[in-house]
>>> print(open('coords-v7.cif').read())   # mmCIF, C-alpha atoms and all ligand atoms
data_query
#
loop_
_atom_site.label_atom_id
_atom_site.label_comp_id
_atom_site.auth_asym_id
_atom_site.auth_seq_id
_atom_site.Cartn_x
_atom_site.Cartn_y
_atom_site.Cartn_z
CA MET A 1 13.56 0.48 -10.91
CA LEU A 2 12.59 -0.42 -14.44
CA ILE A 3 15.12 -0.19 -17.24
CA VAL A 4 13.38 0.44 -20.53
CA MET A 5 15.31 -0.87 -23.53
CA GLU A 6 15.23 0.64 -27.02
CA LYS A 7 12.89 -1.06 -29.51
CA THR A 8 16.02 -1.90 -31.50
CA ALA A 9 17.94 -3.36 -28.51
CA THR A 10 19.66 -6.62 -29.41
CA PRO A 11 19.55 -9.78 -27.24
CA GLU A 12 23.25 -9.18 -26.45
CA GLN A 13 22.52 -5.65 -25.20
CA ILE A 14 19.69 -6.99 -23.01
CA GLU A 15 22.00 -9.73 -21.66
CA ASN A 16 24.65 -7.10 -20.91
CA VAL A 17 22.21 -5.03 -18.82
CA VAL A 18 21.05 -8.20 -17.03
CA SER A 19 24.62 -9.06 -16.06
CA ILE A 20 25.36 -5.52 -14.85
CA ILE A 21 22.29 -5.73 -12.58
CA GLU A 22 23.55 -9.08 -11.24
CA GLN A 23 27.05 -7.69 -10.64
CA LYS A 24 25.49 -4.98 -8.46
CA GLY A 25 23.90 -7.70 -6.32
CA TYR A 26 20.32 -7.08 -7.52
CA THR A 27 17.95 -9.47 -9.27
CA PRO A 28 17.14 -8.71 -12.93
CA ARG A 29 13.73 -9.59 -14.32
CA PRO A 30 13.29 -9.08 -18.10
CA ILE A 31 9.67 -8.19 -18.89
CA PRO A 32 8.88 -8.61 -22.59
CA GLY A 33 6.33 -6.03 -23.76
CA GLY A 34 4.42 -5.62 -27.00
CA GLU A 35 6.77 -2.89 -28.22
CA ARG A 36 10.02 -3.28 -26.31
CA VAL A 37 11.67 -5.19 -23.49
CA ALA A 38 11.93 -3.69 -20.02
CA ILE A 39 14.11 -5.10 -17.26
CA GLY A 40 12.94 -4.89 -13.67
CA VAL A 41 15.51 -4.47 -10.92
CA LEU A 42 14.39 -6.44 -7.87
CA ARG A 43 15.77 -7.01 -4.38
CA ASN A 44 17.44 -3.61 -4.11
CA LYS A 45 17.55 -2.42 -0.51
CA GLY A 46 17.64 1.30 -1.33
CA PRO A 47 17.20 3.44 -4.45
CA VAL A 48 19.10 2.27 -7.53
CA ASP A 49 21.39 4.80 -9.21
CA ALA A 50 20.00 5.47 -12.71
CA ALA A 51 23.43 6.68 -13.85
CA LEU A 52 24.62 3.05 -13.66
CA PHE A 53 22.44 2.25 -16.67
CA LEU A 54 21.82 5.42 -18.65
CA GLY A 55 24.27 5.54 -21.54
CA ILE A 56 24.71 1.76 -21.75
CA PRO A 57 24.07 0.64 -25.37
CA GLY A 58 20.42 -0.33 -25.91
CA VAL A 59 19.10 1.43 -22.77
CA LYS A 60 16.44 4.04 -23.55
CA ASP A 61 15.35 5.16 -20.09
CA THR A 62 15.04 4.27 -16.41
CA VAL A 63 11.78 4.57 -14.48
CA PRO A 64 11.64 4.43 -10.68
CA ILE A 65 9.03 2.00 -9.30
CA THR A 66 7.45 3.62 -6.29
CA ARG A 67 5.06 0.83 -5.32
CA PRO A 68 6.09 -2.03 -2.99
CA TYR A 69 4.37 -4.54 -5.31
CA LYS A 70 6.69 -4.06 -8.23
CA LEU A 71 5.80 -6.74 -10.79
CA VAL A 72 2.09 -6.44 -10.08
CA SER A 73 2.14 -2.67 -10.52
CA ARG A 74 1.09 -0.76 -13.61
CA GLU A 75 4.32 1.19 -13.23
CA THR A 76 6.12 -1.96 -14.39
CA GLN A 77 3.54 -3.08 -16.92
CA PRO A 78 1.10 -0.45 -18.18
CA GLU A 79 -0.84 -2.88 -20.43
CA ASP A 80 -3.51 -5.20 -18.98
CA THR A 81 -2.53 -8.83 -18.41
CA ILE A 82 -4.78 -11.20 -20.30
CA VAL A 83 -4.96 -14.70 -18.81
CA THR A 84 -5.81 -17.40 -21.31
CA VAL A 85 -7.13 -20.90 -20.58
CA GLY A 86 -8.06 -23.00 -23.60
CA ASP A 87 -10.17 -20.69 -25.73
CA VAL A 88 -11.30 -18.55 -22.79
CA ALA A 89 -9.54 -15.29 -22.00
CA ILE A 90 -9.84 -13.27 -18.81
CA GLY A 91 -9.18 -9.54 -18.97
CA ASN A 92 -9.46 -9.19 -22.74
CA GLY A 93 -12.36 -6.74 -22.76
CA ARG A 94 -15.07 -9.41 -22.54
CA LEU A 95 -16.92 -10.47 -19.40
CA THR A 96 -15.80 -13.89 -18.12
CA LEU A 97 -18.36 -15.92 -16.19
CA MET A 98 -17.27 -18.73 -13.86
CA ALA A 99 -20.04 -20.77 -12.27
CA GLY A 100 -20.70 -24.07 -10.53
CA PRO A 101 -21.35 -25.53 -7.11
CA CYS A 102 -19.47 -24.65 -3.97
CA ALA A 103 -18.39 -28.28 -3.60
CA ILE A 104 -18.31 -31.22 -5.98
CA GLU A 105 -20.67 -33.81 -4.47
CA SER A 106 -21.07 -36.43 -7.21
CA GLU A 107 -20.57 -36.82 -10.95
CA LEU A 108 -24.29 -36.47 -11.55
CA GLN A 109 -24.48 -33.28 -9.47
CA ALA A 110 -21.45 -31.71 -11.20
CA LEU A 111 -22.53 -32.62 -14.73
CA THR A 112 -26.12 -31.51 -14.16
CA ILE A 113 -25.01 -28.10 -12.90
CA ALA A 114 -22.26 -27.75 -15.52
CA GLU A 115 -24.65 -28.37 -18.44
CA LYS A 116 -27.05 -25.78 -17.06
CA VAL A 117 -24.50 -23.04 -16.40
CA LYS A 118 -22.87 -23.63 -19.76
CA ALA A 119 -26.21 -23.29 -21.55
CA ALA A 120 -26.80 -20.02 -19.65
CA GLY A 121 -23.48 -18.57 -20.84
CA ALA A 122 -20.80 -19.58 -18.31
CA HIS A 123 -17.28 -19.92 -19.72
CA ILE A 124 -15.50 -21.68 -16.84
CA PHE A 125 -16.77 -24.34 -14.40
CA ARG A 126 -15.99 -23.85 -10.71
CA GLY A 127 -16.19 -26.45 -7.95
CA GLY A 128 -14.35 -27.37 -4.78
CA ALA A 129 -12.73 -30.77 -4.23
CA PHE A 130 -10.71 -29.68 -1.20
CA LYS A 131 -12.92 -27.45 0.94
CA PRO A 132 -11.67 -25.09 3.67
CA ARG A 133 -14.48 -25.35 6.24
CA THR A 134 -14.82 -23.43 9.48
CA SER A 135 -15.86 -26.61 11.29
CA PRO A 136 -13.72 -29.76 11.17
CA TYR A 137 -16.99 -31.71 11.31
CA ALA A 138 -18.36 -30.17 8.10
CA PHE A 139 -18.00 -31.84 4.68
CA GLN A 140 -14.35 -31.42 3.65
CA GLY A 141 -14.78 -32.14 -0.07
CA MET A 142 -14.30 -35.29 -2.14
CA GLY A 143 -10.55 -34.80 -2.61
CA GLU A 144 -9.00 -36.44 -5.68
CA GLU A 145 -12.32 -38.09 -6.57
CA GLY A 146 -13.77 -34.57 -6.87
CA LEU A 147 -10.88 -33.50 -9.13
CA LYS A 148 -11.56 -36.51 -11.38
CA ILE A 149 -15.20 -35.50 -11.62
CA MET A 150 -14.17 -31.98 -12.60
CA ALA A 151 -11.89 -33.36 -15.30
CA ARG A 152 -14.88 -35.35 -16.58
CA VAL A 153 -16.96 -32.14 -16.65
CA ARG A 154 -14.24 -30.52 -18.77
CA GLU A 155 -14.23 -33.50 -21.11
CA VAL A 156 -18.01 -33.50 -21.52
CA THR A 157 -18.67 -29.74 -21.69
CA GLY A 158 -15.37 -28.35 -22.99
CA MET A 159 -15.32 -25.80 -20.15
CA PRO A 160 -11.99 -25.16 -18.38
CA ILE A 161 -12.14 -25.82 -14.63
CA VAL A 162 -11.12 -23.78 -11.59
CA THR A 163 -10.68 -25.43 -8.22
CA GLU A 164 -9.08 -24.62 -4.89
CA VAL A 165 -5.77 -25.82 -3.52
CA MET A 166 -5.49 -25.72 0.26
CA ASP A 167 -1.91 -26.68 1.00
CA ASP A 168 1.56 -27.44 -0.38
CA GLN A 169 1.09 -31.19 0.06
CA THR A 170 -1.79 -31.38 -2.41
CA PHE A 171 -0.53 -28.70 -4.83
CA ASP A 172 0.97 -31.14 -7.34
CA LEU A 173 -2.24 -33.16 -7.37
CA VAL A 174 -4.55 -30.17 -7.89
CA GLU A 175 -2.17 -28.76 -10.52
CA THR A 176 -2.45 -31.96 -12.57
CA TYR A 177 -6.21 -31.59 -12.92
CA ALA A 178 -7.01 -27.86 -12.71
CA ASP A 179 -6.89 -25.34 -15.54
CA ILE A 180 -6.93 -22.51 -12.99
CA ILE A 181 -5.78 -23.02 -9.41
CA GLN A 182 -7.68 -21.13 -6.72
CA ILE A 183 -6.06 -19.88 -3.54
CA GLY A 184 -8.88 -19.14 -1.13
CA THR A 185 -9.45 -16.20 1.16
CA ARG A 186 -8.10 -17.99 4.24
CA ASN A 187 -4.85 -18.80 2.45
CA MET A 188 -4.13 -15.40 0.88
CA GLN A 189 -1.10 -14.97 3.10
CA ASN A 190 -0.01 -18.60 3.18
CA PHE A 191 3.43 -17.70 1.90
CA SER A 192 4.69 -21.21 1.19
CA LEU A 193 1.55 -21.81 -0.90
CA LEU A 194 2.10 -18.51 -2.74
CA LYS A 195 5.73 -19.47 -3.45
CA ARG A 196 4.63 -22.85 -4.79
CA ALA A 197 2.02 -21.09 -6.96
CA GLY A 198 4.81 -18.91 -8.32
CA ARG A 199 6.54 -22.03 -9.63
CA SER A 200 3.37 -23.30 -11.33
CA ARG A 201 2.68 -22.76 -15.00
CA LYS A 202 -1.07 -22.77 -14.43
CA PRO A 203 -3.01 -19.50 -13.84
CA ILE A 204 -3.66 -18.71 -10.18
CA PHE A 205 -7.00 -17.33 -8.94
CA LEU A 206 -6.08 -15.37 -5.83
CA LYS A 207 -8.94 -14.46 -3.54
CA ARG A 208 -8.62 -11.45 -1.27
CA GLY A 209 -8.16 -12.33 2.40
CA LEU A 210 -11.28 -11.55 4.39
CA ALA A 211 -9.49 -8.87 6.39
CA ALA A 212 -6.77 -7.91 3.92
CA THR A 213 -6.02 -4.43 2.66
CA ILE A 214 -5.54 -4.00 -1.06
CA ASP A 215 -1.80 -3.49 -0.51
CA GLU A 216 -1.57 -6.83 1.35
CA TRP A 217 -3.53 -8.55 -1.41
CA LEU A 218 -1.33 -7.13 -4.15
CA MET A 219 1.79 -8.09 -2.17
CA ALA A 220 0.44 -11.66 -2.00
CA ALA A 221 0.08 -11.58 -5.80
CA GLU A 222 3.64 -10.21 -5.98
CA TYR A 223 4.92 -13.45 -4.40
CA ILE A 224 3.43 -15.40 -7.31
CA LEU A 225 4.80 -13.11 -10.01
CA GLU A 226 8.16 -12.93 -8.28
CA GLY A 227 8.28 -16.72 -8.41
CA GLY A 228 7.91 -16.56 -12.19
CA ASN A 229 4.18 -17.08 -12.75
CA THR A 230 2.69 -14.00 -14.41
CA GLN A 231 -0.78 -15.55 -14.87
CA VAL A 232 -2.64 -14.27 -11.82
CA ILE A 233 -6.33 -13.40 -11.57
CA LEU A 234 -7.46 -11.42 -8.52
CA CYS A 235 -10.84 -12.07 -6.90
CA GLU A 236 -12.71 -9.76 -4.53
CA ARG A 237 -15.12 -11.87 -2.44
CA GLY A 238 -16.21 -9.55 0.33
CA VAL A 239 -14.42 -8.52 3.49
CA ARG A 240 -15.36 -8.95 7.15
CA THR A 241 -17.18 -5.97 8.63
CA PHE A 242 -19.62 -5.36 11.50
CA VAL A 243 -22.73 -5.97 9.40
CA ASN A 244 -24.95 -8.99 9.88
CA HIS A 245 -27.31 -8.54 6.94
CA SER A 246 -24.79 -10.26 4.66
CA ARG A 247 -22.04 -12.85 5.14
CA ASN A 248 -19.34 -10.34 4.21
CA THR A 249 -19.31 -6.85 2.70
CA LEU A 250 -18.55 -6.70 -1.01
CA ASP A 251 -15.88 -4.05 -1.46
CA VAL A 252 -16.88 -2.78 -4.89
CA SER A 253 -14.41 0.10 -4.54
CA ALA A 254 -11.60 -2.46 -4.70
CA VAL A 255 -12.24 -2.84 -8.43
CA PRO A 256 -11.35 0.69 -9.63
CA VAL A 257 -8.44 0.81 -7.15
CA VAL A 258 -6.99 -2.51 -8.30
CA ARG A 259 -7.53 -1.66 -11.98
CA LYS A 260 -5.62 1.58 -11.47
CA GLU A 261 -2.81 0.03 -9.46
CA SER A 262 -2.35 -3.25 -11.27
CA HIS A 263 -2.44 -4.78 -14.73
CA LEU A 264 -3.90 -8.06 -13.38
CA PRO A 265 -7.54 -8.95 -14.15
CA ILE A 266 -10.07 -8.74 -11.31
CA ILE A 267 -13.13 -10.94 -10.84
CA ILE A 268 -15.91 -10.50 -8.28
CA ASP A 269 -17.43 -13.38 -6.31
CA PRO A 270 -20.86 -12.09 -5.20
CA SER A 271 -21.81 -15.45 -3.63
CA HIS A 272 -19.36 -15.49 -0.73
CA ALA A 273 -19.76 -11.72 -0.37
CA GLY A 274 -23.53 -11.77 0.11
CA GLY A 275 -23.87 -15.26 1.50
CA ARG A 276 -27.57 -15.15 0.66
CA ARG A 277 -29.20 -16.05 -2.63
CA ASP A 278 -31.26 -12.87 -2.93
CA GLN A 279 -28.13 -10.69 -2.82
CA VAL A 280 -26.23 -12.44 -5.57
CA ILE A 281 -27.89 -10.93 -8.65
CA PRO A 282 -27.89 -7.31 -7.38
CA LEU A 283 -24.21 -7.63 -6.34
CA SER A 284 -23.36 -9.11 -9.74
CA ARG A 285 -24.94 -6.13 -11.47
CA ALA A 286 -22.86 -3.81 -9.27
CA ALA A 287 -19.70 -5.83 -9.98
CA VAL A 288 -20.07 -5.46 -13.71
CA ALA A 289 -21.04 -1.79 -13.49
CA VAL A 290 -17.93 -1.03 -11.42
CA GLY A 291 -15.63 -2.63 -14.01
CA ALA A 292 -14.90 -6.21 -12.91
CA HIS A 293 -13.51 -8.42 -15.69
CA GLY A 294 -15.85 -11.22 -14.71
CA LEU A 295 -17.79 -13.04 -12.02
CA MET A 296 -17.50 -16.27 -10.06
CA VAL A 297 -20.94 -17.47 -8.97
CA GLU A 298 -22.14 -20.50 -6.98
CA VAL A 299 -25.00 -22.38 -8.63
CA HIS A 300 -26.73 -25.58 -7.49
CA HIS A 301 -29.66 -27.45 -9.04
CA GLU A 302 -30.82 -28.54 -5.56
CA PRO A 303 -29.46 -25.90 -3.17
CA ASP A 304 -31.55 -27.18 -0.27
CA LYS A 305 -29.61 -30.43 -0.46
CA ALA A 306 -26.18 -28.83 -1.10
CA MET A 307 -23.39 -30.06 1.17
CA SER A 308 -21.97 -26.55 1.46
CA ASP A 309 -23.12 -22.97 0.83
CA GLY A 310 -26.63 -23.92 -0.32
CA ALA A 311 -28.09 -20.68 1.06
CA GLN A 312 -26.02 -18.57 -1.31
CA SER A 313 -26.25 -20.86 -4.35
CA LEU A 314 -28.45 -19.68 -7.21
CA TYR A 315 -30.99 -21.95 -8.86
CA PRO A 316 -29.96 -22.52 -12.48
CA GLU A 317 -32.91 -20.38 -13.71
CA GLN A 318 -31.64 -17.51 -11.57
CA PHE A 319 -28.21 -17.87 -13.14
CA VAL A 320 -29.83 -17.57 -16.57
CA SER A 321 -31.41 -14.32 -15.44
CA LEU A 322 -28.09 -13.12 -13.95
CA CYS A 323 -26.30 -13.75 -17.26
CA ARG A 324 -28.91 -11.75 -19.19
CA GLN A 325 -28.79 -8.85 -16.75
CA VAL A 326 -25.01 -8.54 -16.54
CA ASP A 327 -24.68 -8.91 -20.28
CA ALA A 328 -27.04 -5.97 -20.78
CA ILE A 329 -25.02 -3.83 -18.34
CA PHE A 330 -21.73 -4.88 -19.91
CA ARG A 331 -22.95 -3.94 -23.40
CA ILE A 332 -23.87 -0.46 -22.21
CA LEU A 333 -20.38 -0.04 -20.73
CA GLN A 334 -18.75 -1.25 -23.94
CA ASN A 335 -20.34 1.71 -25.71
CA GLY A 336 -18.34 3.90 -23.34
CA THR A 337 -19.43 5.52 -20.10
CA ASP A 338 -19.97 8.83 -21.95
CA ALA A 339 -22.92 7.15 -23.68
CA ILE A 340 -24.75 6.70 -20.35
C1 LIG B 401 -14.87 -20.98 -2.57
O1 LIG B 401 -14.77 -20.25 -3.57
O2 LIG B 401 -15.36 -22.10 -2.60
C2 LIG B 401 -14.39 -20.46 -1.27
C3 LIG B 401 -14.22 -21.28 -0.24
O3 LIG B 401 -14.23 -19.15 -1.26
P1 LIG B 401 -13.52 -18.16 -0.20
O4 LIG B 401 -12.10 -18.58 -0.14
O5 LIG B 401 -13.73 -16.82 -0.84
O6 LIG B 401 -14.27 -18.29 1.08
MN MN B 402 -18.62 -21.75 -1.20
#
>>> encode(input="coords-v7.cif", output="structure tokens")
Amino acid sequence: MLIVMEKTATPEQIENVVSIIEQKGYTPRPIPGGERVAIGVLRNKGPVDAALFLGIPGVKDTVPITRPYKLVSRETQPEDTIVTVGDVAIGNGRLTLMAGPCAIESELQALTIAEKVKAAGAHIFRGGAFKPRTSPYAFQGMGEEGLKIMARVREVTGMPIVTEVMDDQTFDLVETYADIIQIGTRNMQNFSLLKRAGRSRKPIFLKRGLAATIDEWLMAAEYILEGGNTQVILCERGVRTFVNHSRNTLDVSAVPVVRKESHLPIIIDPSHAGGRRDQVIPLSRAAVAVGAHGLMVEVHHEPDKAMSDGAQSLYPEQFVSLCRQVDAIFRILQNGTDAI
């Protein structure tokens, strides 16, 4: 349940409601809004009796939360969450473009790609230092050396950086360097990692598990919000189906569903969805048309020599073309869908 306080409610009245919730054995979660404070009631086993709160000074109304993902749900927070990193915002009505190689391979490689994607219009640099690979014999990433290179890219280009964390043991290390911490598809239900992410003060980029339903994905995000970190960005990156013409199947329908259900921003990764270079631009156009808040795209200046995911990495010139195309689609949408 959500307890909506009056606009004029005093801090003492809010504190009073918080302590009543605690006395009942539930967990209170004040949620400051633009207009007024609301207080979420968490960890209730059954329905909460509204009569306990209606009539208490400062309480305006009570609203039942019907969804299992309470903090992530629009029932709790109707307004969109805007995640801010440096001077880049995600979910603020502009299209956010994240681009870079699958893996950081050297300082020269990272800087070369970063300069090119920045010139094309990217806002955030992506790159993996710790790589989850299907084969233990495949390149596992440069580790901390890769993080240092990413920090250097940030210093040189001014772009914030997003990189993946694979486990609890390396969380502190990744957190020190990253502006946005990625939890990859294989770790979407790694609950100890999600709990650790909830204690972080850095935004978390949560990829959808490759066989996860939207409910499971939103419940994974709920772990992070429940832990106290409200800065979560969702990323649809394709799900496993029977097809073999692409690496995964991009679930474009996830975007309108997530935008209806949740206030969190949603990004599409067309690279891991398609898995093939020639699918990335068409899927990006679809992603923007369906209402994604942004894209995460793999780009490499020498994809044939890439140490991972070369086949799906765009050449920098293709990324320039992608940026132009999605910008044109986004501008049409900004004029309102009635204009189409
Ligand atoms: C990645 O973004 O580098 C990655 C490994 O993605 P995913 O978790 O979607 O496979
Ligand atoms: Mn990759």
>>> residues_around(input="coords-v7.cif", residues="region 223-235 of chain A", least_positions_apart="6", cutoff="10 Å", atoms="all atoms listed in the file", output="PyMOL selection string")
chain A and resi 29+42+69-72+81-84+90-91+180-185+189+191-209+217+254-255+258+263-269+292-296
>>> atom_distance(input="coords-v7.cif", atom1="CA of Ala99 (chain A)", atom2="CA of Arg277 (chain A)")
14.1 Å
>>> closest_residue(input="coords-v7.cif", among="A:Ile20, A:Met150, A:Val243, A:Ile31", to="Val4 (chain A)", atoms="all atoms listed in the file")
A:Ile31
>>> residues_around(input="coords-v7.cif", residues="Ser73 (chain A)", least_positions_apart="2", cutoff="9 Å", atoms="only C-alpha atoms", output="PyMOL selection string")
chain A and resi 65+67-71+75-78+218+222+260-264
>>> atom_distance(input="coords-v7.cif", atom1="CA of Val41 (chain A)", atom2="CA of Ile3 (chain A)")
7.6 Å
>>> atom_distance(input="coords-v7.cif", atom1="CA of His245 (chain A)", atom2="CA of Gln279 (chain A)")
10.0 Å
>>> residues_near_ligand(input="coords-v7.cif", ligand="ligand LIG 401 (chain B)", cutoff="7 Å", atoms="all atoms listed in the file", output="list in words")
Cys102, Ala103, Gly127, Gly128, Lys131, Pro132, Gly184, Thr185, Arg186, Lys207, Arg237 and His272 of chain A
>>> closest_atom_pairs(input="coords-v7.cif", of="chain A", to="ligand MN 402 (chain B)", cutoff="12 Å", atoms="only C-alpha atoms and all ligand atoms", output="CSV")
residue,atom,partner,partner_atom,distance
A:Ala99,CA,B:MN402,MN,11.2
A:Gly100,CA,B:MN402,MN,9.8
A:Pro101,CA,B:MN402,MN,7.5
A:Cys102,CA,B:MN402,MN,4.1
A:Ala103,CA,B:MN402,MN,7.0
A:Ile104,CA,B:MN402,MN,10.6
A:Arg126,CA,B:MN402,MN,10.1
A:Gly127,CA,B:MN402,MN,8.6
A:Gly128,CA,B:MN402,MN,7.9
A:Ala129,CA,B:MN402,MN,11.2
A:Phe130,CA,B:MN402,MN,11.2
A:Lys131,CA,B:MN402,MN,8.3
A:Pro132,CA,B:MN402,MN,9.1
A:Arg133,CA,B:MN402,MN,9.2
A:Thr134,CA,B:MN402,MN,11.5
A:Phe139,CA,B:MN402,MN,11.7
A:Gln140,CA,B:MN402,MN,11.6
A:Gly141,CA,B:MN402,MN,11.1
A:Thr163,CA,B:MN402,MN,11.2
A:Glu164,CA,B:MN402,MN,10.6
A:Gly184,CA,B:MN402,MN,10.1
A:Thr185,CA,B:MN402,MN,11.0
A:Arg237,CA,B:MN402,MN,10.6
A:Arg247,CA,B:MN402,MN,11.4
A:Asp269,CA,B:MN402,MN,9.9
A:Pro270,CA,B:MN402,MN,10.7
A:Ser271,CA,B:MN402,MN,7.5
A:His272,CA,B:MN402,MN,6.3
A:Ala273,CA,B:MN402,MN,10.1
A:Gly274,CA,B:MN402,MN,11.2
A:Gly275,CA,B:MN402,MN,8.8
A:Arg276,CA,B:MN402,MN,11.3
A:Met296,CA,B:MN402,MN,10.5
A:Val297,CA,B:MN402,MN,9.2
A:Glu298,CA,B:MN402,MN,6.9
A:Val299,CA,B:MN402,MN,9.8
A:His300,CA,B:MN402,MN,11.0
A:Pro303,CA,B:MN402,MN,11.8
A:Ala306,CA,B:MN402,MN,10.4
A:Met307,CA,B:MN402,MN,9.9
A:Ser308,CA,B:MN402,MN,6.4
A:Asp309,CA,B:MN402,MN,5.1
A:Gly310,CA,B:MN402,MN,8.3
A:Ala311,CA,B:MN402,MN,9.8
A:Gln312,CA,B:MN402,MN,8.1
A:Ser313,CA,B:MN402,MN,8.3
A:Leu314,CA,B:MN402,MN,11.7
>>> residues_near_point(input="coords-v7.cif", point="(-26.8, -28.8, -8.0)", cutoff="6 Å", atoms="all atoms listed in the file", output="VMD selection string")
chain A and resid 109 113 300 to 302
>>> closest_residue(input="coords-v7.cif", among="A:Phe330, A:Tyr177, A:Phe242, A:Phe319", to="Arg285 (chain A)", atoms="all atoms listed in the file")
A:Phe330
>>> closest_residue(input="coords-v7.cif", among="A:Ala122, A:Leu173, A:Val165, A:Leu210", to="Val326 (chain A)", atoms="all atoms listed in the file")
A:Ala122
